[in-house]
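K.L.:
data.txt is reproduced below (compact mmCIF, C-alpha atoms (C1' of nucleotides)).
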# COMPACT_ATOMS: atom_id res chain seq x y z
CA MET A 1 100.61 166.69 91.84
CA PRO A 2 101.86 168.67 94.82
CA LYS A 3 101.83 166.69 98.01
CA ASP A 4 99.12 167.62 100.44
CA VAL A 5 100.56 170.27 102.71
CA GLN A 6 98.05 171.09 105.36
CA PRO A 7 98.08 174.65 106.71
CA ARG A 8 99.01 173.44 110.16
CA ARG A 9 98.64 176.78 112.02
CA VAL A 10 101.97 178.35 111.34
CA ARG A 11 104.61 177.38 113.80
CA GLY A 12 105.11 179.54 116.82
CA SER A 13 102.28 181.84 116.03
CA ARG A 14 99.22 181.20 118.08
CA SER A 15 98.02 184.76 117.93
CA GLY A 16 96.17 184.51 114.66
CA ARG A 17 97.23 187.98 113.59
CA PRO A 18 98.20 187.72 109.92
CA VAL A 19 101.45 189.56 110.32
CA MET A 20 102.56 187.01 112.89
CA ALA A 21 101.77 184.18 110.53
CA LEU A 22 103.72 185.94 107.81
CA LEU A 23 106.64 186.72 110.08
CA ASP A 24 106.71 183.11 111.14
CA LEU A 25 106.54 181.76 107.61
CA LEU A 26 109.31 184.07 106.46
CA GLY A 27 111.33 183.22 109.54
CA ARG A 28 111.94 179.66 108.40
CA ARG A 29 115.25 178.71 107.02
CA TRP A 30 115.81 179.61 103.36
CA CYS A 31 112.39 181.12 103.01
CA LEU A 32 113.41 184.74 102.57
CA ARG A 33 116.34 183.59 100.52
CA ILE A 34 114.17 181.67 98.08
CA VAL A 35 111.92 184.63 97.44
CA TRP A 36 115.02 186.74 97.06
CA GLU A 37 116.64 184.45 94.53
CA LEU A 38 113.50 184.40 92.41
CA ARG A 39 113.45 188.18 92.16
CA ASP A 40 114.62 188.31 88.54
CA ASP A 41 113.99 185.05 86.79
CA ALA A 42 112.20 181.78 87.28
CA LEU A 43 114.52 179.06 88.53
CA THR A 44 114.30 175.31 88.34
CA SER A 45 114.42 173.53 91.66
CA ARG A 46 118.00 172.55 90.98
CA ALA A 47 119.06 176.03 89.95
CA LEU A 48 117.40 177.35 93.07
CA ARG A 49 119.31 174.85 95.12
CA ALA A 50 122.54 176.03 93.55
CA ALA A 51 121.60 179.65 94.18
CA CYS A 52 120.96 178.83 97.84
CA ASP A 53 124.46 177.55 98.59
CA GLU A 54 123.42 173.96 97.89
CA ALA A 55 120.89 173.88 100.68
CA SER A 56 119.54 170.42 101.26
CA PRO A 57 116.74 169.50 98.87
CA THR A 58 114.61 168.23 101.72
CA VAL A 59 114.10 171.56 103.39
CA LEU A 60 114.12 173.46 100.13
CA GLN A 61 111.25 171.35 98.92
CA ALA A 62 109.41 171.94 102.17
CA ARG A 63 109.82 175.70 101.80
CA LEU A 64 108.73 175.58 98.18
CA ASP A 65 105.60 173.72 99.20
CA GLU A 66 104.88 176.23 101.93
CA LEU A 67 105.48 179.21 99.68
CA ARG A 68 103.28 177.66 97.03
CA GLU A 69 100.60 177.03 99.63
CA ALA A 70 100.87 180.67 100.67
CA GLY A 71 100.44 181.75 97.08
CA PHE A 72 103.79 183.46 96.74
CA ILE A 73 105.35 181.20 94.14
CA VAL A 74 104.15 178.85 91.46
CA LEU A 75 105.75 176.12 89.40
CA GLY A 76 105.63 177.20 85.79
CA ASP A 77 107.16 175.91 82.58
CA SER A 78 110.58 177.37 83.26
CA GLY A 79 110.69 176.49 86.95
CA TYR A 80 109.58 178.23 90.08
CA GLU A 81 108.58 181.85 89.81
CA LEU A 82 106.96 184.52 91.90
CA THR A 83 103.25 185.08 91.60
CA PRO A 84 102.03 188.68 91.45
CA LEU A 85 101.41 188.36 95.17
CA GLY A 86 104.86 186.97 95.72
CA ARG A 87 106.36 189.82 93.76
CA GLU A 88 104.45 192.22 95.92
CA LEU A 89 105.94 190.54 98.98
CA LEU A 90 109.40 190.77 97.51
CA GLU A 91 108.99 194.46 96.93
CA THR A 92 108.08 195.07 100.53
CA PHE A 93 111.48 193.91 101.62
CA LEU A 94 113.57 194.91 98.64
CA PRO A 95 114.85 197.92 100.63
CA LEU A 96 116.66 195.38 102.77
CA HIS A 97 119.26 195.16 100.05
CA ARG A 98 120.38 198.72 100.46
CA PHE A 99 120.04 198.49 104.20
CA ALA A 100 122.27 195.43 104.27
CA GLU A 101 125.00 197.30 102.44
CA ARG A 102 124.95 200.12 104.95
CA TRP A 103 124.80 197.65 107.79
CA SER A 104 127.85 195.70 106.65
CA ARG A 105 129.80 198.90 106.22
CA GLN A 106 128.88 199.88 109.74
CA THR A 107 129.69 196.63 111.47
CA GLY A 108 132.78 196.01 109.40
CA MET B 1 128.50 191.08 130.50
CA PRO B 2 127.16 189.63 127.28
CA LYS B 3 128.45 186.18 126.67
CA ASP B 4 130.97 185.92 123.89
CA VAL B 5 129.02 185.30 120.72
CA GLN B 6 131.43 184.82 117.93
CA PRO B 7 130.28 185.97 114.49
CA ARG B 8 130.51 182.44 113.19
CA ARG B 9 129.91 183.31 109.53
CA VAL B 10 126.17 183.44 109.44
CA ARG B 11 124.58 180.10 108.92
CA GLY B 12 123.79 178.99 105.43
CA SER B 13 125.36 181.98 103.81
CA ARG B 14 128.76 181.37 102.39
CA SER B 15 128.39 184.00 99.72
CA GLY B 16 129.60 186.93 101.77
CA ARG B 17 127.12 189.29 100.20
CA PRO B 18 125.71 191.39 103.03
CA VAL B 19 122.12 190.93 102.02
CA MET B 20 122.55 187.18 102.29
CA ALA B 21 123.95 187.49 105.76
CA LEU B 22 121.04 189.69 106.71
CA LEU B 23 118.47 187.41 105.11
CA ASP B 24 119.99 184.53 106.98
CA LEU B 25 120.06 186.31 110.30
CA LEU B 26 116.46 187.42 109.94
CA GLY B 27 115.49 183.93 108.83
CA ARG B 28 116.16 182.44 112.23
CA ARG B 29 113.31 181.55 114.48
CA TRP B 30 111.80 184.49 116.40
CA CYS B 31 114.26 186.97 114.93
CA LEU B 32 111.84 188.98 112.83
CA ARG B 33 109.29 188.65 115.56
CA ILE B 34 111.58 190.11 118.19
CA VAL B 35 112.33 193.17 116.11
CA TRP B 36 108.64 193.46 115.43
CA GLU B 37 107.64 193.32 119.07
CA LEU B 38 110.13 196.01 119.98
CA ARG B 39 108.63 198.40 117.44
CA ASP B 40 106.92 200.63 120.01
CA ASP B 41 108.49 200.22 123.42
CA ALA B 42 111.46 198.66 125.09
CA LEU B 43 110.62 195.28 126.58
CA THR B 44 112.26 193.30 129.33
CA SER B 45 113.44 189.87 128.36
CA ARG B 46 110.48 188.37 130.16
CA ALA B 47 107.98 190.73 128.60
CA LEU B 48 109.48 189.93 125.24
CA ARG B 49 109.09 186.26 125.97
CA ALA B 50 105.44 186.81 126.79
CA ALA B 51 104.99 188.83 123.60
CA CYS B 52 106.51 185.99 121.60
CA ASP B 53 103.99 183.35 122.64
CA GLU B 54 106.22 182.15 125.47
CA ALA B 55 109.00 181.09 123.19
CA SER B 56 111.68 179.18 125.01
CA PRO B 57 114.16 181.45 126.76
CA THR B 58 117.09 179.51 125.37
CA VAL B 59 116.53 180.44 121.78
CA LEU B 60 115.19 183.87 122.65
CA GLN B 61 118.40 184.63 124.46
CA ALA B 62 120.40 183.37 121.50
CA ARG B 63 118.49 185.66 119.14
CA LEU B 64 118.89 188.60 121.50
CA ASP B 65 122.64 188.01 121.58
CA GLU B 66 122.78 187.81 117.82
CA LEU B 67 120.68 190.91 117.32
CA ARG B 68 122.82 192.77 119.82
CA GLU B 69 125.92 191.57 118.05
CA ALA B 70 124.45 192.83 114.79
CA GLY B 71 123.80 196.20 116.37
CA PHE B 72 120.04 196.14 115.98
CA ILE B 73 119.06 196.07 119.63
CA VAL B 74 120.60 197.09 122.90
CA LEU B 75 119.89 196.33 126.53
CA GLY B 76 118.95 199.60 128.20
CA ASP B 77 117.51 200.52 131.58
CA SER B 78 113.97 199.57 130.68
CA GLY B 79 114.83 196.40 128.81
CA TYR B 80 115.71 195.60 125.25
CA GLU B 81 115.14 198.30 122.69
CA LEU B 82 115.91 198.98 119.07
CA THR B 83 118.99 200.97 118.22
CA PRO B 84 118.68 203.64 115.52
CA LEU B 85 120.01 201.04 113.12
CA GLY B 86 117.50 198.49 114.38
CA ARG B 87 114.70 200.98 113.94
CA GLU B 88 115.86 201.55 110.41
CA LEU B 89 115.71 197.82 109.82
CA LEU B 90 112.23 197.65 111.26
CA GLU B 91 111.06 200.38 108.96
CA THR B 92 112.27 198.52 105.91
CA PHE B 93 109.83 195.75 106.60
CA LEU B 94 107.03 197.65 108.27
CA PRO B 95 105.08 197.48 105.00
CA LEU B 96 104.81 193.76 105.67
CA HIS B 97 102.04 194.55 108.12
CA ARG B 98 99.72 195.92 105.51
CA PHE B 99 100.79 193.23 103.08
CA ALA B 100 99.95 190.54 105.60
CA GLU B 101 96.45 191.88 105.97
CA ARG B 102 95.86 191.75 102.24
CA TRP B 103 97.45 188.33 102.06
CA SER B 104 95.23 186.83 104.75
CA ARG B 105 92.16 188.24 103.09
CA GLN B 106 93.25 186.65 99.84
CA THR B 107 94.06 183.19 101.15
CA GLY B 108 91.15 183.15 103.58
C1' DG C 1 113.64 151.28 71.57
C1' DT C 2 117.74 152.34 74.45
C1' DG C 3 120.42 155.20 76.71
C1' DC C 4 121.41 159.78 78.07
C1' DG C 5 120.57 163.97 81.03
C1' DG C 6 117.65 166.96 82.96
C1' DC C 7 113.45 167.69 85.89
C1' DG C 8 110.59 167.69 90.57
C1' DC C 9 110.69 165.32 94.43
C1' DT C 10 111.68 161.81 98.25
C1' DA C 11 114.17 158.47 101.86
C1' DC C 12 116.88 158.16 105.61
C1' DA C 13 120.56 158.44 108.88
C1' DT C 14 123.09 162.13 111.12
C1' DT C 15 123.60 166.51 112.99
C1' DT C 16 121.90 170.73 114.55
C1' DA C 17 118.26 173.79 116.34
C1' DC C 18 114.42 174.64 119.26
C1' DT C 19 111.22 173.54 123.23
C1' DG C 20 109.85 173.30 127.97
C1' DT C 21 110.79 173.26 132.59
C1' DA C 22 113.51 174.47 136.07
C1' DG C 23 116.57 177.37 138.37
C1' DC C 24 120.79 180.30 138.91
C1' DA C 25 122.96 184.98 140.62
C1' DG C 26 122.23 189.93 140.93
C1' DC C 27 119.83 193.85 142.42
C1' DA C 28 116.46 196.49 144.25
C1' DT C 29 112.39 197.27 147.85
C1' DG C 30 110.30 196.41 152.18
C1' DC D 1 116.55 188.73 155.45
C1' DA D 2 112.60 187.76 152.48
C1' DT D 3 110.12 188.97 148.16
C1' DG D 4 110.07 189.81 143.56
C1' DC D 5 111.84 191.25 139.70
C1' DT D 6 115.79 191.20 136.25
C1' DG D 7 118.97 188.82 132.58
C1' DC D 8 120.49 184.59 131.73
C1' DT D 9 121.61 179.38 131.82
C1' DA D 10 121.26 173.89 132.19
C1' DC D 11 119.51 170.04 130.41
C1' DA D 12 116.66 166.39 128.67
C1' DG D 13 113.40 165.76 125.02
C1' DT D 14 111.61 166.81 120.49
C1' DA D 15 111.48 168.87 116.06
C1' DA D 16 113.89 170.65 112.05
C1' DA D 17 117.75 170.88 108.79
C1' DT D 18 121.74 168.63 106.54
C1' DG D 19 123.95 165.59 103.30
C1' DT D 20 123.93 161.85 100.35
C1' DA D 21 121.64 159.03 97.53
C1' DG D 22 118.24 157.87 94.34
C1' DC D 23 113.35 157.46 92.67
C1' DG D 24 110.01 158.05 88.51
C1' DC D 25 109.18 161.04 84.67
C1' DC D 26 109.87 163.36 80.44
C1' DG D 27 112.22 164.92 76.06
C1' DC D 28 115.81 164.00 72.91
C1' DA D 29 119.68 161.91 70.47
C1' DC D 30 121.20 157.90 68.58
Render the structure in this file as structure tokens.
P.N.:
Amino acid sequence: MPKDVQPRRVRGSRSGRPVMALLDLLGRRWCLRIVWELRDDALTSRALRAACDEASPTVLQARLDELREAGFIVLGDSGYELTPLGRELLETFLPLHRFAERWSRQTG
Amino acid sequence: MPKDVQPRRVRGSRSGRPVMALLDLLGRRWCLRIVWELRDDALTSRALRAACDEASPTVLQARLDELREAGFIVLGDSGYELTPLGRELLETFLPLHRFAERWSRQTG
DNA sequence: GTGCGGCGCTACATTTACTGTAGCAGCATG
DNA sequence: CATGCTGCTACAGTAAATGTAGCGCCGCAC
């Protein structure tokens, strides 16, 4: 049973505007990365940890709980995977991939 | 003169893939928010602070240095503003706005 | 059944990051 | 020279992330 994670008015966002809440959620360490790493396949928590440069399991678990709470991921039979909503989210920032390539070429 | 901010291999990203570096940079506190708040007009550092729920100037300054280093923002005559590259970045995640609205309606 | 080896998840001490308040120097305007 | 703004910094306190270890659980081979 997932531990009770209360919503706890997202950190640093007292405005109440949804985009702020989202920006704040995604602005936590490893959060974007987790969604990114789940783009193709479901990953077990340990595989996800490996994919995220061996990030500490403590914070990874916290992010997984938060993302689950937000409805972006779910724990299925083959590990964590994006929900339809989570996939939608991923697609909104998939263009970042191409942008990042251009960016790194520009800054060296 | 901007204080010397060494690149310091972006935190938590030892992979070297540009998208990871970008995801990591954007995953720092207030980073996405700053870019977001600069979407329309240039803002002075103090106006930006006000826009960001009075975030502490220490970390705000750190993010501004990093974003400047990355070439996304620049300090002009009327405050901080997005560079063309920064505007490009903003546009890649502008769809988040609409997504956030749908998301908040879905989760209540 | 007993011992793997994997799973999701947690404890805890240490280190790092962020907060909040205060205040600096610089540059205009009066 | 005083006022008021700017970008930026110091510093003590608090919150978050790291790193290492290990829990209980389940399926499977022996």
K.L.:
Taking (110.7, 198.6, 127.7) in the file's coordinates, which residues come within 6 Å, counting all atoms listed in the file, written as a list in words?
P.N.:
Asp41, Ala42, Leu43, Thr44, Ser78 and Gly79 of chain B
K.L.:
How many Å separate CA of Glu81 (chain B) from CA of Leu60 (chain B)?
P.N.:
14.4 Å
K.L.:
So the first atom is CA of Leu96 (chain A) and the second is CA of Leu82 (chain B); what is the distance between them in Å, to one decimal place?
P.N.:
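Answer for the CA of Leu96 (chain A) to CA of Leu82 (chain B) separation: 16.7 Å.
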K.L.:
For a cut-off of 7 Å around (113.4, 166.0, 79.6), file coordinates, pick out all residues using all atoms listed in the file and list them as a ChimeraX atom specification.
P.N.:
/C:6-7 /D:26-27
K.L.:
Using all atoms listed in the file, select each residue of chain C with any atom at most 7 Å away from an atom of chain B, and give the selection as number ranges by chain.
P.N.:
C: 18-20
K.L.:
Once you have the residues from the selection above, write them out as a PDB file, keeping the file's coordinate frame, restricted to C-alpha atoms (C1' of nucleotides).
P.N.:
ATOM      1  C1'  DC C  18     114.420 174.640 119.260  1.00  0.00           C
ATOM      2  C1'  DT C  19     111.220 173.540 123.230  1.00  0.00           C
ATOM      3  C1'  DG C  20     109.850 173.300 127.970  1.00  0.00           C
TER       4       DG C  20
END
K.L.:
What does the distance between CA of Arg105 (chain B) and CA of Gly71 (chain A) come to in Å, to one decimal place?
P.N.:
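The value is 12.1 Å.
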K.L.:
Can I have chain A aligned to chain B? Use a least-squares fit on all Cα atoms paired in order and write it out as a PDB file with C-alpha atoms, in the coordinates of the input.
P.N.:
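Written out: superposed-v4.pdb:
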ATOM      1  CA  MET A   1     128.595 191.083 130.698  1.00  0.00           C
ATOM      2  CA  PRO A   2     127.208 189.623 127.486  1.00  0.00           C
ATOM      3  CA  LYS A   3     128.558 186.202 126.730  1.00  0.00           C
ATOM      4  CA  ASP A   4     131.068 186.059 123.938  1.00  0.00           C
ATOM      5  CA  VAL A   5     129.126 185.423 120.764  1.00  0.00           C
ATOM      6  CA  GLN A   6     131.535 184.981 117.937  1.00  0.00           C
ATOM      7  CA  PRO A   7     130.355 186.079 114.488  1.00  0.00           C
ATOM      8  CA  ARG A   8     130.581 182.550 113.177  1.00  0.00           C
ATOM      9  CA  ARG A   9     129.937 183.311 109.467  1.00  0.00           C
ATOM     10  CA  VAL A  10     126.195 183.421 109.400  1.00  0.00           C
ATOM     11  CA  ARG A  11     124.610 180.076 108.892  1.00  0.00           C
ATOM     12  CA  GLY A  12     123.839 178.983 105.392  1.00  0.00           C
ATOM     13  CA  SER A  13     125.367 181.985 103.785  1.00  0.00           C
ATOM     14  CA  ARG A  14     128.739 181.333 102.309  1.00  0.00           C
ATOM     15  CA  SER A  15     128.412 183.980  99.658  1.00  0.00           C
ATOM     16  CA  GLY A  16     129.617 186.887 101.726  1.00  0.00           C
ATOM     17  CA  ARG A  17     127.122 189.262 100.164  1.00  0.00           C
ATOM     18  CA  PRO A  18     125.711 191.357 103.011  1.00  0.00           C
ATOM     19  CA  VAL A  19     122.123 190.884 102.004  1.00  0.00           C
ATOM     20  CA  MET A  20     122.557 187.132 102.277  1.00  0.00           C
ATOM     21  CA  ALA A  21     123.965 187.475 105.755  1.00  0.00           C
ATOM     22  CA  LEU A  22     121.045 189.688 106.690  1.00  0.00           C
ATOM     23  CA  LEU A  23     118.493 187.389 105.113  1.00  0.00           C
ATOM     24  CA  ASP A  24     120.019 184.501 106.981  1.00  0.00           C
ATOM     25  CA  LEU A  25     120.088 186.302 110.308  1.00  0.00           C
ATOM     26  CA  LEU A  26     116.483 187.396 109.932  1.00  0.00           C
ATOM     27  CA  GLY A  27     115.520 183.918 108.808  1.00  0.00           C
ATOM     28  CA  ARG A  28     116.157 182.422 112.228  1.00  0.00           C
ATOM     29  CA  ARG A  29     113.294 181.571 114.429  1.00  0.00           C
ATOM     30  CA  TRP A  30     111.804 184.493 116.368  1.00  0.00           C
ATOM     31  CA  CYS A  31     114.249 186.948 114.922  1.00  0.00           C
ATOM     32  CA  LEU A  32     111.841 188.977 112.819  1.00  0.00           C
ATOM     33  CA  ARG A  33     109.283 188.636 115.549  1.00  0.00           C
ATOM     34  CA  ILE A  34     111.572 190.101 118.188  1.00  0.00           C
ATOM     35  CA  VAL A  35     112.344 193.155 116.112  1.00  0.00           C
ATOM     36  CA  TRP A  36     108.652 193.455 115.415  1.00  0.00           C
ATOM     37  CA  GLU A  37     107.641 193.300 119.051  1.00  0.00           C
ATOM     38  CA  LEU A  38     110.135 196.002 119.967  1.00  0.00           C
ATOM     39  CA  ARG A  39     108.664 198.402 117.432  1.00  0.00           C
ATOM     40  CA  ASP A  40     106.929 200.611 120.001  1.00  0.00           C
ATOM     41  CA  ASP A  41     108.466 200.205 123.401  1.00  0.00           C
ATOM     42  CA  ALA A  42     111.444 198.643 125.084  1.00  0.00           C
ATOM     43  CA  LEU A  43     110.621 195.266 126.588  1.00  0.00           C
ATOM     44  CA  THR A  44     112.247 193.302 129.352  1.00  0.00           C
ATOM     45  CA  SER A  45     113.406 189.846 128.392  1.00  0.00           C
ATOM     46  CA  ARG A  46     110.432 188.374 130.187  1.00  0.00           C
ATOM     47  CA  ALA A  47     107.939 190.727 128.591  1.00  0.00           C
ATOM     48  CA  LEU A  48     109.466 189.911 125.240  1.00  0.00           C
ATOM     49  CA  ARG A  49     109.067 186.249 125.972  1.00  0.00           C
ATOM     50  CA  ALA A  50     105.414 186.807 126.768  1.00  0.00           C
ATOM     51  CA  ALA A  51     104.963 188.831 123.592  1.00  0.00           C
ATOM     52  CA  CYS A  52     106.494 185.986 121.581  1.00  0.00           C
ATOM     53  CA  ASP A  53     103.956 183.349 122.607  1.00  0.00           C
ATOM     54  CA  GLU A  54     106.174 182.159 125.457  1.00  0.00           C
ATOM     55  CA  ALA A  55     108.977 181.100 123.174  1.00  0.00           C
ATOM     56  CA  SER A  56     111.646 179.193 125.009  1.00  0.00           C
ATOM     57  CA  PRO A  57     114.124 181.449 126.788  1.00  0.00           C
ATOM     58  CA  THR A  58     117.039 179.498 125.384  1.00  0.00           C
ATOM     59  CA  VAL A  59     116.492 180.443 121.786  1.00  0.00           C
ATOM     60  CA  LEU A  60     115.170 183.871 122.645  1.00  0.00           C
ATOM     61  CA  GLN A  61     118.379 184.618 124.461  1.00  0.00           C
ATOM     62  CA  ALA A  62     120.376 183.353 121.510  1.00  0.00           C
ATOM     63  CA  ARG A  63     118.476 185.650 119.152  1.00  0.00           C
ATOM     64  CA  LEU A  64     118.883 188.588 121.499  1.00  0.00           C
ATOM     65  CA  ASP A  65     122.615 187.988 121.578  1.00  0.00           C
ATOM     66  CA  GLU A  66     122.761 187.780 117.809  1.00  0.00           C
ATOM     67  CA  LEU A  67     120.669 190.891 117.316  1.00  0.00           C
ATOM     68  CA  ARG A  68     122.804 192.734 119.828  1.00  0.00           C
ATOM     69  CA  GLU A  69     125.924 191.548 118.039  1.00  0.00           C
ATOM     70  CA  ALA A  70     124.442 192.821 114.785  1.00  0.00           C
ATOM     71  CA  GLY A  71     123.789 196.182 116.373  1.00  0.00           C
ATOM     72  CA  PHE A  72     120.034 196.123 115.978  1.00  0.00           C
ATOM     73  CA  ILE A  73     119.053 196.059 119.630  1.00  0.00           C
ATOM     74  CA  VAL A  74     120.590 197.069 122.911  1.00  0.00           C
ATOM     75  CA  LEU A  75     119.850 196.329 126.538  1.00  0.00           C
ATOM     76  CA  GLY A  76     118.914 199.584 128.195  1.00  0.00           C
ATOM     77  CA  ASP A  77     117.477 200.532 131.563  1.00  0.00           C
ATOM     78  CA  SER A  78     113.932 199.572 130.667  1.00  0.00           C
ATOM     79  CA  GLY A  79     114.813 196.381 128.812  1.00  0.00           C
ATOM     80  CA  TYR A  80     115.681 195.589 125.252  1.00  0.00           C
ATOM     81  CA  GLU A  81     115.129 198.279 122.676  1.00  0.00           C
ATOM     82  CA  LEU A  82     115.916 198.970 119.067  1.00  0.00           C
ATOM     83  CA  THR A  83     119.002 200.948 118.212  1.00  0.00           C
ATOM     84  CA  PRO A  84     118.678 203.626 115.530  1.00  0.00           C
ATOM     85  CA  LEU A  85     120.007 201.022 113.126  1.00  0.00           C
ATOM     86  CA  GLY A  86     117.522 198.483 114.356  1.00  0.00           C
ATOM     87  CA  ARG A  87     114.716 200.962 113.919  1.00  0.00           C
ATOM     88  CA  GLU A  88     115.883 201.558 110.404  1.00  0.00           C
ATOM     89  CA  LEU A  89     115.718 197.816 109.791  1.00  0.00           C
ATOM     90  CA  LEU A  90     112.245 197.659 111.238  1.00  0.00           C
ATOM     91  CA  GLU A  91     111.078 200.383 108.927  1.00  0.00           C
ATOM     92  CA  THR A  92     112.286 198.519 105.889  1.00  0.00           C
ATOM     93  CA  PHE A  93     109.851 195.747 106.580  1.00  0.00           C
ATOM     94  CA  LEU A  94     107.055 197.649 108.259  1.00  0.00           C
ATOM     95  CA  PRO A  95     105.069 197.486 104.990  1.00  0.00           C
ATOM     96  CA  LEU A  96     104.791 193.775 105.671  1.00  0.00           C
ATOM     97  CA  HIS A  97     102.054 194.583 108.134  1.00  0.00           C
ATOM     98  CA  ARG A  98      99.725 195.931 105.516  1.00  0.00           C
ATOM     99  CA  PHE A  99     100.769 193.257 103.083  1.00  0.00           C
ATOM    100  CA  ALA A 100      99.956 190.559 105.614  1.00  0.00           C
ATOM    101  CA  GLU A 101      96.441 191.899 106.006  1.00  0.00           C
ATOM    102  CA  ARG A 102      95.822 191.768 102.283  1.00  0.00           C
ATOM    103  CA  TRP A 103      97.411 188.358 102.093  1.00  0.00           C
ATOM    104  CA  SER A 104      95.214 186.855 104.798  1.00  0.00           C
ATOM    105  CA  ARG A 105      92.129 188.271 103.153  1.00  0.00           C
ATOM    106  CA  GLN A 106      93.189 186.684  99.904  1.00  0.00           C
ATOM    107  CA  THR A 107      94.021 183.240 101.192  1.00  0.00           C
ATOM    108  CA  GLY A 108      91.109 183.161 103.587  1.00  0.00           C
TER     109      GLY A 108
END
K.L.:
Do me a favour and pick out the residues of chain D within 12 Å of chain A, using only C-alpha atoms (C1' of nucleotides), as an NGL selection string.
P.N.:
:D and (15-21)
K.L.:
Store the residues of this selection in a file with C-alpha atoms (C1' of nucleotides), as a JSON list (two decimals), in the frame of the given file.
P.N.:
[["chain", "number", "residue", "atom", "x", "y", "z"],
["D", 15, "DA", "C1'", 111.48, 168.87, 116.06],
["D", 16, "DA", "C1'", 113.89, 170.65, 112.05],
["D", 17, "DA", "C1'", 117.75, 170.88, 108.79],
["D", 18, "DT", "C1'", 121.74, 168.63, 106.54],
["D", 19, "DG", "C1'", 123.95, 165.59, 103.30],
["D", 20, "DT", "C1'", 123.93, 161.85, 100.35],
["D", 21, "DA", "C1'", 121.64, 159.03, 97.53]]
K.L.:
As an MDAnalysis selection string, could you give me every residue of chain A near chain B (at most 9 Å apart, counting all atoms listed in the file)?
P.N.:
chainID A and resid 12:15 17:24 26:33 36 52:53 55 70:71 85 88:89 92:104 107
K.L.:
Which residues come within 12 Å of DC4 (chain C), counting only C-alpha atoms (C1' of nucleotides), excluding same-chain residues fewer than 5 positions away, as a CSV table (one decimal) with C-alpha atoms (C1' of nucleotides), in the coordinates of the input?
P.N.:
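Contents of around00.csv, freshly written:
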chain,number,residue,atom,x,y,z
D,27,DG,C1',112.2,164.9,76.1
D,28,DC,C1',115.8,164.0,72.9
D,29,DA,C1',119.7,161.9,70.5
D,30,DC,C1',121.2,157.9,68.6
K.L.:
Restricting the calculation to only C-alpha atoms: of A:Arg46, A:Arg63, A:Arg68, A:Ile34, which residue gets closest to Thr83 (chain A)?
P.N.:
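Residue with the minimum atom-to-atom distance to Thr83 (chain A): A:Arg68.
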K.L.:
List as JSON, numbers by chain the protein and nucleic acid residues near region 26-28 of chain C, meaning an atom at most 10 Å away when all atoms listed in the file are counted, but skip any in the same chain fewer than 5 places from it.
P.N.:
{"D": [4, 5, 6, 7]}
